[in-house]
Amino acid sequence: MKVLQNIKKSLLSVFAAGLLVFASCVNETEGTTGAGSGYIFPDATKTTKDFDSNVYYGNGQVIAKVTTYYLEGWEDIPFLDLEDVGKIISLINNNGTTTKCENESDKLYSYTYDEGYTGPYKSDKLYFDALNQTIYSEEFVRVISGPLEINNGYGADGIGLTDMNEDGSARTQPSETLPLIKASTLTSQLTPKKRTEIKLSDYGLKMFVIDEKINVDSDTATTEIEKHLYIPFQALANTFFFTVTSVFNGEDYYLSLDASSDGDALATIKAFSSGRKNSETRSQIKTEYNYRNLCMLFDLNYCLKDQRSTLDDPKDNIISFNESIFNAGLGFNLLSTYADAYDEAMIKFLVSYIDDGHTAYFVPSLYQPSSDIIAYKTYAKEKEGKRHKTLLTAKREVLATRDAEEGLHYTTDGKMAVVTFNGFNENPNFNPATLSPTDKDYYKTLAANNTWYFLKKAFEDIKTHTDVRNVVFDLTANGGGLLRQGMLALSFMKNPTDFATPVKNHLDGSISKFMYNVTFYGGTENMTKAVHQDGTDYNFYVLTSDFSFSCANWFPSVAKYQMGVPIIGKKSGGGAGVVKATQSSDGVIFQTSAAMEMCGIDGSEYVPIDNGVPVDLELDLSQVLLGEHYDNLYEALKKEYGGNFQ
């Protein structure tokens with residue numbers, strides 16, 4: 001990787017950006033708003049090249065074939081026609097689809113759910129208005145996300161709580177190692193959704209309706225004119241696909257690719273290698289298209305932009321990402337046609353500027369060779385932002401202070417239990433049957449591999465200690481993990497029916513209270529409460545630190561606002577955005593916080609939690625984490641909650 005360290009390349013970068021005349025996200029055309037002037041995208045009246053593309057699911061299976069088109073004046077930008085866009089949406093939705101022209105004179109097209117499809121979803125259309133360059137929907141509740149992540153017709157909650165069998169099919173019965181989690185019919189919207197709308201015109205991006213001649217009779221040379229709607233697919237995918245990654249590598253499309261895989265493995269995956277075209281420069285249209293697409297993605301889909309004012313940071317309340325990017329000094333290089341300058345600026349934008357703890361960088365643009373992937377990932381590590389570094393520092397401090405390891409602990413007098421785990425984990429290759437309770441690190445190994453099984457065995461042991469009436473969940477070194485494991489962990493504190501997971505959807509403005517049921521298997525029957533304890537025998541507490549992040553931030557918010565469980569220790573480290581893996585239009589693979597924001601609900605009031613969940617009892621962690629038996633913590637709780645210890 002050629003990090004810009006010499007004057008020549010730095011000047012080249014600034015010069016290339018300068019040629020774009022301080023370009024902004026907003027195209028200077030009638031009806032648009034915003035600052036800046038510069039590049040005007042061309043009109044297109046014909047296709048110039050097309051080729052067959054495969055649509056892969058994950059890293060292997062071909063699930064469809066589509067045609068990728070390049071248009072006149074847009075030779076570097078891939079387009080799909082409406083029929084193939086509908087095909088891909090239908091594959092994601094696991095649903096039949098109809099695409100058609102609604103009004104030829106107004107250039108209005110639509111994608112519609114198959115009316116014969118039975119399910120809990122509202123019938124609706126997704127409209128493509130080529131005349132006004134707008135994509136919109138009145139009730140497209142799922143906003144293009146997998147059907148197994150839907151709750152009572154209200155749209156994707158981004159949690160992915162469906163319990164699966166080993167073959168990938170939906171499990172209909174609970175199992176010993178993982179109970180069944182189902183959506184509850186009690187799900188409701190606290191704030192109704194607004195019309196979902198993407199204005200491509202605000203960013204100068206375009207759809208095109210192009211007349212195509214079709215041979216009807218070769219003998220008489222008879223032809224007919226068909227109108228095709230061509231859509232810049234990556235712009236649609238980046239903003240409307242919530243929990244499904246869509247990657248185009250220059251040849252084929254990949255859905256739900258695991259972008260977080262190890263960097264060495266990434267270099268060998270076809271999606272990141274076959275489409276790479278090593279080049280020092282990018283075309284101006286590609287540069288402009290990519291930048292505006294990036295601005296649109298974050299403007300419409302980044303759920304935390306209106307919470308930045310609460311951070312110790314000058315990035316307060318992001319209104320326009322175009323303006324914010326330039327204020328951060330990154331705009332020129334993100335608009336540079338020089339590939340190295342652009343890729344380095346993308347790293348700084350994601351890990352130094354966005355820096356929300358969830359945002360991460362995986363792969364550079366397709367202009368970089370596969371051999372440079374690891375070097376760019378190393379550069380990203382060097383540029384980590386303030387919040388990420390603060391979280392890592394907090395974790396190191398906790399681990400240096402806390403004497404107890406992951407596992408089950410009792411106070412010296414055996415009257416309080418502490419379950420300590422550093423993640424909400426679920427290792428699919430882990431077999432708990434291979435362990436024995438007599439193993440030295442029995443509980444530690446369980447906690448590191450399967451949170452549900454760890455807590456199940458821990459509470460079976462706690463029940464044998466009849467003096468225990470107080471139980472603490474120690475999340476001080478917990479960095480998060482799978483929300484379904486968090487949901488299972490919550491069920492140990494409450495009868496596991498109708499758990500609420502509040503979510504704010506920033507794309508349509510709604511706040512939904514998604515509800516779930518947890519069903520446990522009791523040997524001969526399904527039970528709606530844990531078989532080992534019913535959640536009423538103990539006084540619970542959740543111990544957090546300023547590291548407790550993501551799922552370990554959501555967990556105490558549910559415990560506090562819905563269960564009345566005291567949160568003790570230090571305000572948690574935050575993390576509320578549902579993570580979305582995505583791709584820039586020139587191949588950069590990254591993840592960030594999507595439109596869905598996990599939040600708290602205090603009564604019926606929305607409570608933002610990205611900056612942490614306040615504690616009910618603040619404690620000096622350097623004291624209460626001393627000792628393997630948590631005796632100092634026991635004394636602190638006994639002093640504050642004396643009635644629980646009688």
# chains A, B, ... in the order shown; residues from 1 in each chain; ligands from 1
>>> residues_around(residues="stretch 632-637 of chain A", least_positions_apart="6", cutoff="12 Å", atoms="only C-alpha atoms", output="PyMOL selection string")
chain A and resi 402-403+409-418+468-472+474+539-543+566-569+616-626+643-645
>>> select_by_dssp(residues="stretch 438-595 of chain A", states="helix (DSSP H, G or I)", output="count of residues only")
41
>>> closest_residue(among="A:Asp467, A:Asp631, A:Asp441, A:Asp252", to="A:Ser53", atoms="only C-alpha atoms")
A:Asp252
>>> residues_around(residues="A:Lys65", least_positions_apart="6", cutoff="8 Å", atoms="only C-alpha atoms", output="count of residues only")
4
>>> residues_around(residues="A:Asp84", least_positions_apart="5", cutoff="10 Å", atoms="only C-alpha atoms", output="list in words")
Ala64, Lys65, Val66, Thr67, Thr68, Phe79, Ile89, Ser90, Thr99, Tyr230, Ile231 and Phe233 of chain A
>>> write_last_selection(atoms="N, CA and C atoms", output="CSV table (one decimal), in the first residue's frame")
chain,number,residue,atom,x,y,z
A,64,ALA,N,-29.5,-16.9,-8.7
A,64,ALA,CA,-30.1,-16.2,-9.8
A,64,ALA,C,-29.1,-15.8,-10.8
A,65,LYS,N,-29.6,-15.5,-12.0
A,65,LYS,CA,-28.8,-14.8,-13.0
A,65,LYS,C,-29.5,-13.6,-13.5
A,66,VAL,N,-28.7,-12.5,-13.6
A,66,VAL,CA,-29.2,-11.2,-14.0
A,66,VAL,C,-28.3,-10.6,-15.1
A,67,THR,N,-28.7,-9.5,-15.7
A,67,THR,CA,-27.9,-8.9,-16.7
A,67,THR,C,-27.5,-7.5,-16.2
A,68,THR,N,-26.2,-7.3,-16.2
A,68,THR,CA,-25.6,-6.0,-15.8
A,68,THR,C,-25.4,-5.1,-17.0
A,79,PHE,N,-25.8,-0.8,-14.0
A,79,PHE,CA,-27.2,-0.7,-13.8
A,79,PHE,C,-27.9,-2.0,-14.0
A,89,ILE,N,-34.8,-8.4,-5.1
A,89,ILE,CA,-35.6,-8.1,-4.0
A,89,ILE,C,-36.5,-9.3,-3.6
A,90,SER,N,-37.0,-10.0,-4.6
A,90,SER,CA,-37.9,-11.1,-4.3
A,90,SER,C,-37.1,-12.3,-3.6
A,99,THR,N,-43.4,-6.8,-11.3
A,99,THR,CA,-42.8,-5.5,-11.7
A,99,THR,C,-43.5,-5.0,-13.0
A,230,TYR,N,-33.9,1.4,-16.1
A,230,TYR,CA,-32.5,1.0,-15.6
A,230,TYR,C,-32.2,1.8,-14.4
A,231,ILE,N,-31.8,1.0,-13.3
A,231,ILE,CA,-31.6,1.5,-12.0
A,231,ILE,C,-30.2,1.3,-11.5
A,233,PHE,N,-28.1,0.0,-9.3
A,233,PHE,CA,-28.5,-0.9,-8.2
A,233,PHE,C,-27.8,-0.7,-6.9
>>> closest_residue(among="A:Asp356, A:Ile318, A:Val62, A:Met346", to="A:Phe298", atoms="only C-alpha atoms")
A:Ile318
>>> residues_around(residues="A:Asp343", least_positions_apart="4", cutoff="7 Å", atoms="only C-alpha atoms", output="list of chain:residue names")
A:Ala339, A:Ile347, A:Pro364, A:Ser365
>>> write_last_selection(atoms="N, CA, C and O atoms", output="PDB file, in the first residue's frame")
ATOM      1  N   ALA A 339      -6.510   6.764  -6.748  1.00  0.00           N
ATOM      2  CA  ALA A 339      -7.085   5.658  -5.975  1.00  0.00           C
ATOM      3  C   ALA A 339      -6.536   5.576  -4.560  1.00  0.00           C
ATOM      4  O   ALA A 339      -7.288   5.351  -3.606  1.00  0.00           O
ATOM      5  N   ILE A 347     -10.795   5.152   4.743  1.00  0.00           N
ATOM      6  CA  ILE A 347     -10.430   4.589   6.045  1.00  0.00           C
ATOM      7  C   ILE A 347     -10.600   5.640   7.130  1.00  0.00           C
ATOM      8  O   ILE A 347     -11.196   5.385   8.190  1.00  0.00           O
ATOM      9  N   PRO A 364     -10.397  -2.613   0.751  1.00  0.00           N
ATOM     10  CA  PRO A 364     -10.316  -1.379  -0.042  1.00  0.00           C
ATOM     11  C   PRO A 364     -11.084  -1.497  -1.354  1.00  0.00           C
ATOM     12  O   PRO A 364     -11.669  -2.536  -1.661  1.00  0.00           O
ATOM     13  N   SER A 365     -11.045  -0.430  -2.142  1.00  0.00           N
ATOM     14  CA  SER A 365     -11.777  -0.393  -3.409  1.00  0.00           C
ATOM     15  C   SER A 365     -11.228  -1.415  -4.396  1.00  0.00           C
ATOM     16  O   SER A 365     -10.127  -1.953  -4.238  1.00  0.00           O
TER      17      SER A 365
END
>>> select_by_dssp(residues="stretch 428-636 of chain A", states="strand (DSSP E or B)", output="count of residues only")
65
>>> closest_residue(among="A:Ser283, A:Phe362, A:Thr48, A:Leu131", to="A:Ala375", atoms="only C-alpha atoms")
A:Phe362
>>> atom_distance(atom1="atom CA of A:Asp306", atom2="atom CA of A:Gly600")
16.2 Å
>>> closest_residue(among="A:Asp106, A:Glu323, A:Glu597, A:Glu384", to="A:Tyr353", atoms="only C-alpha atoms")
A:Glu384
>>> atom_distance(atom1="atom CA of A:Glu72", atom2="atom CA of A:Cys101")
22.7 Å
>>> atom_distance(atom1="atom CA of A:Ser604", atom2="atom CA of A:Tyr538")
27.4 Å
>>> residues_around(residues="stretch 454-461 of chain A", least_positions_apart="4", cutoff="8 Å", atoms="only C-alpha atoms", output="list in words")
Leu408, Val419, Tyr443, Leu446, Ala447, Asn450, His465, Ala489, Phe492, His532 and Gln533 of chain A
>>> write_last_selection(atoms="C-alpha atoms", output="PDB file, in the first residue's frame")
ATOM      1  CA  LEU A 408     -19.884 -18.532  38.160  1.00  0.00           C
ATOM      2  CA  VAL A 419     -22.388 -14.715  36.724  1.00  0.00           C
ATOM      3  CA  TYR A 443     -18.012 -22.389  33.454  1.00  0.00           C
ATOM      4  CA  LEU A 446     -19.227 -22.453  28.616  1.00  0.00           C
ATOM      5  CA  ALA A 447     -19.408 -18.665  28.907  1.00  0.00           C
ATOM      6  CA  ASN A 450     -22.613 -20.454  24.528  1.00  0.00           C
ATOM      7  CA  HIS A 465     -27.280 -22.816  47.187  1.00  0.00           C
ATOM      8  CA  ALA A 489     -30.054 -14.232  29.054  1.00  0.00           C
ATOM      9  CA  PHE A 492     -33.296 -15.780  33.482  1.00  0.00           C
ATOM     10  CA  HIS A 532     -34.432 -24.208  36.366  1.00  0.00           C
ATOM     11  CA  GLN A 533     -35.924 -21.104  37.999  1.00  0.00           C
TER      12      GLN A 533
END
>>> residues_around(residues="A:Gly509", least_positions_apart="2", cutoff="8 Å", atoms="only C-alpha atoms", output="mmCIF file with all heavy atoms, in the first residue's frame")
data_model
loop_
_atom_site.group_PDB
_atom_site.id
_atom_site.type_symbol
_atom_site.label_atom_id
_atom_site.label_comp_id
_atom_site.auth_asym_id
_atom_site.auth_seq_id
_atom_site.Cartn_x
_atom_site.Cartn_y
_atom_site.Cartn_z
ATOM 1 N N THR A 191 -44.593 5.104 17.523
ATOM 2 C CA THR A 191 -44.635 6.251 16.619
ATOM 3 C C THR A 191 -44.860 5.710 15.212
ATOM 4 O O THR A 191 -44.052 4.917 14.733
ATOM 5 C CB THR A 191 -43.318 7.051 16.662
ATOM 6 O OG1 THR A 191 -43.099 7.514 17.993
ATOM 7 C CG2 THR A 191 -43.383 8.237 15.720
ATOM 8 N N PRO A 192 -45.931 6.110 14.539
ATOM 9 C CA PRO A 192 -46.227 5.556 13.213
ATOM 10 C C PRO A 192 -45.146 5.898 12.190
ATOM 11 O O PRO A 192 -44.465 6.914 12.297
ATOM 12 C CB PRO A 192 -47.563 6.224 12.851
ATOM 13 C CG PRO A 192 -48.130 6.692 14.141
ATOM 14 C CD PRO A 192 -46.963 7.026 15.012
ATOM 15 N N LYS A 193 -45.022 5.042 11.195
ATOM 16 C CA LYS A 193 -44.050 5.279 10.131
ATOM 17 C C LYS A 193 -44.523 6.395 9.213
ATOM 18 O O LYS A 193 -45.711 6.651 9.078
ATOM 19 C CB LYS A 193 -43.795 3.994 9.337
ATOM 20 C CG LYS A 193 -44.918 3.637 8.366
ATOM 21 C CD LYS A 193 -44.738 2.276 7.751
ATOM 22 C CE LYS A 193 -43.597 2.116 6.905
ATOM 23 N NZ LYS A 193 -43.014 2.616 5.887
ATOM 24 N N LYS A 194 -43.558 7.056 8.628
ATOM 25 C CA LYS A 194 -43.836 8.042 7.602
ATOM 26 C C LYS A 194 -43.561 7.413 6.233
ATOM 27 O O LYS A 194 -43.041 6.313 6.144
ATOM 28 C CB LYS A 194 -42.946 9.280 7.799
ATOM 29 C CG LYS A 194 -43.187 10.019 9.108
ATOM 30 C CD LYS A 194 -42.239 11.189 9.267
ATOM 31 C CE LYS A 194 -40.798 10.736 9.428
ATOM 32 N NZ LYS A 194 -39.881 11.853 9.752
ATOM 33 N N LYS A 504 -35.952 2.284 16.805
ATOM 34 C CA LYS A 504 -36.325 3.463 16.034
ATOM 35 C C LYS A 504 -35.781 3.303 14.621
ATOM 36 O O LYS A 504 -34.593 3.070 14.434
ATOM 37 C CB LYS A 504 -35.765 4.737 16.669
ATOM 38 C CG LYS A 504 -36.167 6.006 15.930
ATOM 39 C CD LYS A 504 -35.682 7.257 16.638
ATOM 40 C CE LYS A 504 -36.132 8.517 15.898
ATOM 41 N NZ LYS A 504 -35.691 9.755 16.586
ATOM 42 N N ASN A 505 -36.679 3.440 13.634
ATOM 43 C CA ASN A 505 -36.302 3.336 12.229
ATOM 44 C C ASN A 505 -36.148 4.756 11.678
ATOM 45 O O ASN A 505 -37.132 5.461 11.477
ATOM 46 C CB ASN A 505 -37.378 2.566 11.457
ATOM 47 C CG ASN A 505 -37.051 2.400 9.993
ATOM 48 O OD1 ASN A 505 -36.260 3.132 9.427
ATOM 49 N ND2 ASN A 505 -37.695 1.420 9.366
ATOM 50 N N HIS A 506 -34.913 5.164 11.430
ATOM 51 C CA HIS A 506 -34.671 6.538 10.999
ATOM 52 C C HIS A 506 -35.011 6.766 9.535
ATOM 53 O O HIS A 506 -35.091 7.910 9.101
ATOM 54 C CB HIS A 506 -33.208 6.915 11.257
ATOM 55 C CG HIS A 506 -32.902 7.086 12.711
ATOM 56 N ND1 HIS A 506 -32.685 8.309 13.288
ATOM 57 C CD2 HIS A 506 -32.812 6.183 13.721
ATOM 58 C CE1 HIS A 506 -32.450 8.167 14.577
ATOM 59 N NE2 HIS A 506 -32.513 6.882 14.869
ATOM 60 N N LEU A 507 -35.235 5.698 8.776
ATOM 61 C CA LEU A 507 -35.597 5.866 7.377
ATOM 62 C C LEU A 507 -37.077 6.193 7.226
ATOM 63 O O LEU A 507 -37.465 6.969 6.361
ATOM 64 C CB LEU A 507 -35.249 4.605 6.579
ATOM 65 C CG LEU A 507 -35.261 4.726 5.058
ATOM 66 C CD1 LEU A 507 -34.308 5.822 4.589
ATOM 67 C CD2 LEU A 507 -34.876 3.404 4.418
ATOM 68 N N ILE A 511 -41.121 4.318 15.561
ATOM 69 C CA ILE A 511 -40.544 3.665 16.737
ATOM 70 C C ILE A 511 -41.441 2.470 17.045
ATOM 71 O O ILE A 511 -42.636 2.633 17.307
ATOM 72 C CB ILE A 511 -40.468 4.597 17.950
ATOM 73 C CG1 ILE A 511 -39.572 5.800 17.639
ATOM 74 C CG2 ILE A 511 -39.939 3.850 19.175
ATOM 75 C CD1 ILE A 511 -39.484 6.812 18.772
#
